[in-house]
Amino acid sequence: MSAVTTTTTAVAATAAGELPLVRRRRRLSPGHRLPAARLAGPLLLLALWAAASAAGRLDPGAVPAPWTVLRTGARLWTDGTLPTDILTSLTRAGYGFAIGLTAGVALALAAGLSRAGEALIDGTVQLNRAIPTLGLIPLFILWLGIGETFKIAVIAIVVYIPLYLNTHAALSGIDSRYVELAEVQGLSRFAFIRQVVIPGALPGFFVGLRLAVTGSWLGLVVLEQINATSGLGYLMFQAQNYGQTDVILVGLLIYGVFGLVSDSVVRLIERRVLSWRRTLNS
């Protein structure tokens, strides 16, 4: 009887021109992606830096104005110093990153797809992770000398650890029902890796890849200040000896641009490769 009364009341209100109140659904998603959103923070920081410099709030000797840093960068580029140092740094980071990428993925696959491999590899990697990588520098110098080899080796270690950890975690998290289904379907080992293992491990792999890219730049800036004769870190170390704050800021800004661009490239590749996923970010 009450349900009939409620329905009759609603129909009467509609007939009288009064629309019933409809509860609006609350949106919980972040919303649409903003164009060039990741540039907003750096541009805001640059604007605050320029405004503080123009207002005389910053000591030019400690924090030069952006236009001063820009002029210094243009001068270093014109005299040939900056292109040479940038090429040297990119070469070191590239070799170390390639070696670390290969080692991290290979070890993660060996440990994630085999109990024997996990027993032999995982504990060793966890032990390596517990040791500060930069603390290995004195030992690596004794083993490999002060040339390029030890720098590339340290960068490779910095790169392979996050790649291994995240890829191995993604492999371990693959639902066992997919493995059972692959066995029922009679998939070969190669087909199982291609159709189940790789798609399941890719999200974790890309997380590790982003951390590895950032780690390669962090390791590089330290290594290039140790017994180096070229590179952006060496340029900054020499500028420190002569009190050239503007040159140091040029080096830091270039490192920052390298990190931002490389991370954006990895994100772009991740969105293309994992376009089948429906996530908050997409």
# chains A, B, ... in the order shown; residues from 1 in each chain; ligands from 1

$ residues_around --residues "Gln195 of chain A" --least-positions-apart "6" --cutoff "10 Å" --atoms "only C-alpha atoms" --output "ChimeraX atom specification"
/A:178,182,187

$ write_last_selection --atoms "N, CA and C atoms" --output "PDB file, in the first residue's frame"
ATOM      1  N   TYR A 178      46.305 -18.337 -14.801  1.00  0.00           N
ATOM      2  CA  TYR A 178      46.785 -18.197 -16.177  1.00  0.00           C
ATOM      3  C   TYR A 178      47.804 -19.284 -16.515  1.00  0.00           C
ATOM      4  N   ALA A 182      47.364 -22.068 -19.416  1.00  0.00           N
ATOM      5  CA  ALA A 182      48.379 -22.299 -20.443  1.00  0.00           C
ATOM      6  C   ALA A 182      48.757 -23.775 -20.505  1.00  0.00           C
ATOM      7  N   LEU A 187      50.392 -24.975 -24.232  1.00  0.00           N
ATOM      8  CA  LEU A 187      51.330 -23.993 -24.780  1.00  0.00           C
ATOM      9  C   LEU A 187      52.771 -24.442 -24.556  1.00  0.00           C
TER      10      LEU A 187
END

$ closest_residue --among "A:Ala212, A:Ile193, A:Val154, A:Ala119" --to "Leu101 of chain A" --atoms "only C-alpha atoms"
A:Ala212

$ residues_around --residues "Leu76 of chain A" --least-positions-apart "2" --cutoff "12 Å" --atoms "only C-alpha atoms" --output "ChimeraX atom specification"
/A:69-74,78-86,232,235,246-248,250-251

$ select_by_dssp --residues "segment 46-262 of chain A" --states "alpha helix (DSSP H)" --output "MDAnalysis selection string"
chainID A and resid 46:54 66:78 81:112 115:130 137:144 148:172 176:185 189:192 198:223 232:241 245:262

$ residues_around --residues "Ile157 of chain A" --least-positions-apart "4" --cutoff "8 Å" --atoms "only C-alpha atoms" --output "list in words"
Gly100, Thr133, Ala153 and Ile161 of chain A

$ write_last_selection --atoms "N, CA, C and O atoms" --output "PDB file, in the first residue's frame"
ATOM      1  N   GLY A 100      72.937  -2.519 -17.632  1.00  0.00           N
ATOM      2  CA  GLY A 100      72.050  -2.739 -16.494  1.00  0.00           C
ATOM      3  C   GLY A 100      70.679  -3.228 -16.910  1.00  0.00           C
ATOM      4  O   GLY A 100      70.080  -4.090 -16.248  1.00  0.00           O
ATOM      5  N   THR A 133      75.297   1.415  -3.325  1.00  0.00           N
ATOM      6  CA  THR A 133      76.046   1.244  -4.573  1.00  0.00           C
ATOM      7  C   THR A 133      77.222   2.206  -4.658  1.00  0.00           C
ATOM      8  O   THR A 133      78.321   1.832  -5.091  1.00  0.00           O
ATOM      9  N   ALA A 153      80.356   0.492 -14.938  1.00  0.00           N
ATOM     10  CA  ALA A 153      79.966  -0.633 -14.086  1.00  0.00           C
ATOM     11  C   ALA A 153      79.065  -0.178 -12.940  1.00  0.00           C
ATOM     12  O   ALA A 153      78.052  -0.827 -12.630  1.00  0.00           O
ATOM     13  N   ILE A 161      69.293  -3.004 -10.467  1.00  0.00           N
ATOM     14  CA  ILE A 161      68.605  -3.368  -9.230  1.00  0.00           C
ATOM     15  C   ILE A 161      67.109  -3.019  -9.269  1.00  0.00           C
ATOM     16  O   ILE A 161      66.258  -3.890  -9.032  1.00  0.00           O
TER      17      ILE A 161
END

$ residues_around --residues "segment 87-98 of chain A" --least-positions-apart "6" --cutoff "12 Å" --atoms "only C-alpha atoms" --output "ChimeraX atom specification"
/A:80-81,104-105,147-163,209-225,228-235,251,254-255,258-259,262

$ residues_around --residues "segment 51-54 of chain A" --least-positions-apart "6" --cutoff "10 Å" --atoms "only C-alpha atoms" --output "list in words"
Leu45, Pro60, Val63, Pro64, Ala65, Pro66 and Trp67 of chain A

$ write_last_selection --atoms "C-alpha atoms" --output "PDB file, in the first residue's frame"
ATOM      1  CA  LEU A  45      59.351  27.078 -10.335  1.00  0.00           C
ATOM      2  CA  PRO A  60      73.310  36.772  -7.337  1.00  0.00           C
ATOM      3  CA  VAL A  63      71.696  31.876  -6.908  1.00  0.00           C
ATOM      4  CA  PRO A  64      72.230  33.705 -10.219  1.00  0.00           C
ATOM      5  CA  ALA A  65      69.218  34.861 -12.189  1.00  0.00           C
ATOM      6  CA  PRO A  66      67.810  32.569 -14.916  1.00  0.00           C
ATOM      7  CA  TRP A  67      68.978  34.915 -17.667  1.00  0.00           C
TER       8      TRP A  67
END

$ closest_residue --among "A:Leu249, A:Leu260, A:Ile226, A:Ala40" --to "Pro138 of chain A" --atoms "only C-alpha atoms"
A:Ile226

$ closest_residue --among "A:Met236, A:Phe206, A:Leu252, A:Gly123" --to "Val273 of chain A" --atoms "only C-alpha atoms"
A:Phe206
